[in-house]
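Novice: Once you've had a glance at the structure underneath, I'll fire off some questions.
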Number of protein chains: 2
Amino acid sequence: MPPSSESPPTDCSIAAALEIIGDRWTILILRDAFRGLRRFDDFRKDLDIARPVLSDRLRKLVDAGVMTRTAYQQRPERFEYRLTRMGIELSPALVALMRWGDTWLSTDGPPTVLVHDVCGHPLEQGFWCRTCQETFSPSDIASRPGLHSHRTDPISPDTPDPQLHGATRARVT
Amino acid sequence: MPPSSESPPTDCSIAAALEIIGDRWTILILRDAFRGLRRFDDFRKDLDIARPVLSDRLRKLVDAGVMTRTAYQQRPERFEYRLTRMGIELSPALVALMRWGDTWLSTDGPPTVLVHDVCGHPLEQGFWCRTCQETFSPSDIASRPGLHSHRTDPISPDTPDPQLHGATRARVT
DNA sequence: GGTGTCGGTTCTGATTATGAACTAAGTTGC
DNA sequence: GCAACTTAGTTCATAATCAGAACCGACACC
C-alpha cells in the first residue's frame, strides 16, 4: 500500500487493522500464539520462517501493542512473546477465518474443532441482535455511517448470485 | 511461505484460508465487494491500486471460487466481479476485523456502524453455544482435535499468568 | 478522427523474502 | 578448560515478488 496517500486510515477500520496484521506471516504467528507458543525458536521451527522475517514481525506486533516481549529468564537473557488483551481480542477474526477454511477448503473435515470450554460442545460464531433477541446471517447486515461520514452503502452484495459454478470451488495452492 | 514443504495445508484451515486471502490488497478488494463495488475501474479508483495488481488479485479470487467474473455488456465486452456464496461467507472474518479495528485503532468512534437490516440496531458478533444456550467470550474457547489428529490444546492463551513455559504448551503440527 | 472509457498487459525498477553465515551470552558434557 | 550446544537474534547477498508507468485494443461519443 502506498504510504498513506490513499484513503485516510481512519476511514476504514479494516484498512487500519490490515496495517498491523495484514501479512500472512503475521497472522500465522498470531495463530501460533493462540495455540500457546511464546518463544522465538518455537515460532521459527513451527512456521519454518526465516529468522529475519520472524524477528521483524514480532517487533512490529510488539510495537503495535498486540504482543508483549518480556524476559522469562535472566542468566542468558531470554524473552517470550505473549498476546496482550488487544491481541487476544483478535480471536474472533482468526476463528472466523478458520471456520471459513474448514467449510470451503477442507476436504475431510476440520483439522481442529473449537469447543465451549465449559461444556465441550462445538461453538458457533455469528451475528446477534440484542434488540430482536435473535441471531442472523451475513445477508441481514446493513451499514450506517458512523459519527463522521455521510454515506450509506450496503455491506452485502445485493444478490447471492444465481449460478455458482461448482467447478471453481477447487482450492488454489 | 515456502511452497508446501512445511505443514501440510490441510492441517490448518487458517493457513489454507491465507493461501487465498492472505494479502492486504485481496482483503481490501473483498471489503469493497461487500460494499457493492463490482467493476474493475471502481475497485481501482477506490483503492488506488496498481492495475496489474488488481488484475492479478481478481483473477486469483475468481480462480479460488471467491468471486465470479461475468460480462455485464457485450459491445465492448465488459465484466463485473461478484462475490460467490463462498465469498459472502467471508463476512464474519471481515466484520471481526473491522470491529477489532474500531475497538483498538480508531480514535474517534467507528467510521461505519453495522446494523441488523431488519431493525436497524447495531449488531453484535460473538461465540454461541447451542447446548448451553449462551454466548461467551474468547477466553472460554478450547480446541479439540478434528477427526484425524489426537491432541488437545487450548486455543486461548490462559491469561496473563505468571509462568507457563510456552514450550510445554507447544502444539503438534 | 480526436478524445474518452473500460479492462486489461508488458516492461522495468523497487521492495521484500530467503538462506547462509555470524554474533553473543550463556549451559552442558567430558 | 575446551568443545559443542542452545536461544535469540543480526548482517549480508541473492532470489522472488510487487508495484507503477506506460502502453494496447475495442468500442462510444461528437
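Labeling convention for the C-alpha cells: chains A, B, ... as they appear, residues from 1 per chain, ligands from 1 in order of appearance.
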Kindly determine which residues of chain B lie within 12 Å of chain C, considering only C-alpha atoms (C1' of nucleotides), and give the answer as a list of chain:residue names.
Specialist: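 The selection requested is B:Met1, B:Pro2, B:Arg39, B:Phe40, B:Asp41, B:Asp42, B:Phe43, B:Arg44, B:Ala50, B:Arg51, B:Pro52, B:Val53, B:Leu54, B:Ser55, B:Asp56, B:Leu58, B:Arg59, B:Ala71, B:Gln73, B:Arg75, B:Pro76, B:Glu77, B:Arg78, B:Phe79, B:Glu80.
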Novice: Find the residues in chain D near chain A: any atom within 9 Å counts, using only C-alpha atoms (C1' of nucleotides). Write them as a ChimeraX atom specification.
Specialist: /D:7-10
Novice: Any chance you could list, as a list in words, the residues in stretch 33-127 of chain B that come up strand (DSSP E) when DSSP is run on the backbone?
Specialist: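 Of stretch 33-127 of chain B, only Met67, Thr68, Arg69, Thr70, Ala71, Tyr72, Gln73, Arg78, Phe79, Glu80, Tyr81, Arg82, Leu83, Thr112, Val113, Leu114, Val115, His116, Glu124, Gln125, Gly126 and Phe127 of chain B fall in strand (DSSP E).
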Novice: Taking N, CA and C atoms for each residue, export the selection above as a CSV table (one decimal), in the first residue's frame.
Specialist:
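Saved as selection-v3.csv:
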```csv
chain,number,residue,atom,x,y,z
B,67,MET,N,-14.9,-15.2,-6.1
B,67,MET,CA,-15.7,-14.2,-6.9
B,67,MET,C,-15.9,-14.9,-8.3
B,68,THR,N,-16.9,-14.3,-9.0
B,68,THR,CA,-17.1,-14.7,-10.3
B,68,THR,C,-16.9,-13.5,-11.2
B,69,ARG,N,-16.6,-13.8,-12.5
B,69,ARG,CA,-16.4,-12.8,-13.5
B,69,ARG,C,-17.4,-13.0,-14.6
B,70,THR,N,-18.3,-12.1,-14.7
B,70,THR,CA,-19.3,-12.3,-15.8
B,70,THR,C,-19.5,-11.0,-16.6
B,71,ALA,N,-19.8,-11.1,-17.9
B,71,ALA,CA,-20.0,-10.0,-18.7
B,71,ALA,C,-21.3,-9.3,-18.4
B,72,TYR,N,-21.2,-7.9,-18.3
B,72,TYR,CA,-22.4,-7.2,-18.0
B,72,TYR,C,-22.9,-6.4,-19.2
B,73,GLN,N,-22.1,-6.4,-20.3
B,73,GLN,CA,-22.5,-5.8,-21.5
B,73,GLN,C,-21.6,-6.5,-22.6
B,78,ARG,N,-17.5,-6.1,-21.4
B,78,ARG,CA,-17.1,-5.6,-20.0
B,78,ARG,C,-17.6,-6.6,-19.0
B,79,PHE,N,-16.7,-6.7,-17.9
B,79,PHE,CA,-17.0,-7.7,-16.9
B,79,PHE,C,-17.2,-7.1,-15.6
B,80,GLU,N,-18.0,-7.9,-14.8
B,80,GLU,CA,-18.1,-7.4,-13.4
B,80,GLU,C,-17.7,-8.6,-12.5
B,81,TYR,N,-17.3,-8.2,-11.3
B,81,TYR,CA,-16.8,-9.2,-10.4
B,81,TYR,C,-17.8,-9.2,-9.2
B,82,ARG,N,-18.3,-10.4,-8.8
B,82,ARG,CA,-19.2,-10.5,-7.7
B,82,ARG,C,-18.7,-11.6,-6.8
B,83,LEU,N,-19.1,-11.4,-5.6
B,83,LEU,CA,-18.8,-12.5,-4.6
B,83,LEU,C,-19.7,-13.7,-4.8
B,112,THR,N,-17.8,3.3,10.4
B,112,THR,CA,-19.0,2.7,9.9
B,112,THR,C,-19.6,1.8,10.9
B,113,VAL,N,-20.9,1.9,11.1
B,113,VAL,CA,-21.5,1.0,12.0
B,113,VAL,C,-22.4,0.0,11.3
B,114,LEU,N,-22.2,-1.3,11.7
B,114,LEU,CA,-23.0,-2.3,11.1
B,114,LEU,C,-24.3,-2.5,11.9
B,115,VAL,N,-25.4,-2.7,11.2
B,115,VAL,CA,-26.6,-2.8,11.9
B,115,VAL,C,-27.4,-4.0,11.3
B,116,HIS,N,-28.4,-4.5,12.2
B,116,HIS,CA,-29.3,-5.5,11.8
B,116,HIS,C,-30.2,-4.9,10.7
B,124,GLU,N,-24.2,-7.4,17.1
B,124,GLU,CA,-23.1,-7.9,17.9
B,124,GLU,C,-22.6,-9.1,17.2
B,125,GLN,N,-21.3,-9.4,17.5
B,125,GLN,CA,-20.8,-10.7,16.9
B,125,GLN,C,-20.2,-11.4,18.0
B,126,GLY,N,-20.4,-12.7,18.1
B,126,GLY,CA,-19.8,-13.4,19.2
B,126,GLY,C,-19.9,-14.9,19.1
B,127,PHE,N,-19.5,-15.6,20.1
B,127,PHE,CA,-19.5,-17.0,20.1
B,127,PHE,C,-20.7,-17.5,20.9
```
Novice: May I have the residues within 10 Å of A:Gly22 as a PyMOL selection string, using only C-alpha atoms (C1' of nucleotides) and disregarding those fewer than 5 positions away in the same chain?
Specialist: (chain A and resi 14-17+27) or (chain B and resi 22-27)
Novice: Hey, can you spit out that residue selection with C-alpha atoms as a PDB file, in the first residue's frame?
Specialist:
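Printed below is out-v6.pdb as written:
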```pdb
ATOM      1  CA  ILE A  14     -10.399  -2.843   8.146  1.00  0.00           C
ATOM      2  CA  ALA A  15      -7.646  -0.951   6.392  1.00  0.00           C
ATOM      3  CA  ALA A  16      -6.329   0.197   9.752  1.00  0.00           C
ATOM      4  CA  ALA A  17      -6.330  -3.343  11.076  1.00  0.00           C
ATOM      5  CA  ILE A  27      -1.417 -13.978  11.042  1.00  0.00           C
TER       6      ILE A  27
ATOM      7  CA  GLY B  22      -3.641 -13.694   2.837  1.00  0.00           C
ATOM      8  CA  ASP B  23      -2.803 -10.486   1.127  1.00  0.00           C
ATOM      9  CA  ARG B  24      -3.658  -6.963   2.105  1.00  0.00           C
ATOM     10  CA  TRP B  25      -4.962  -5.918  -1.281  1.00  0.00           C
ATOM     11  CA  THR B  26      -7.104  -9.012  -1.546  1.00  0.00           C
ATOM     12  CA  ILE B  27      -8.855  -8.278   1.696  1.00  0.00           C
TER      13      ILE B  27
END
```
Novice: Quick one: residues within 10 Å of A:Cys129, only C-alpha atoms (C1' of nucleotides), excluding same-chain residues fewer than 2 positions away - as a count of residues only?
Specialist: 18
Novice: Could you please determine the separation between atom CA of A:Ser13 and atom CA of B:Gly65 in Å, to one decimal place?
Specialist: 25.9 Å
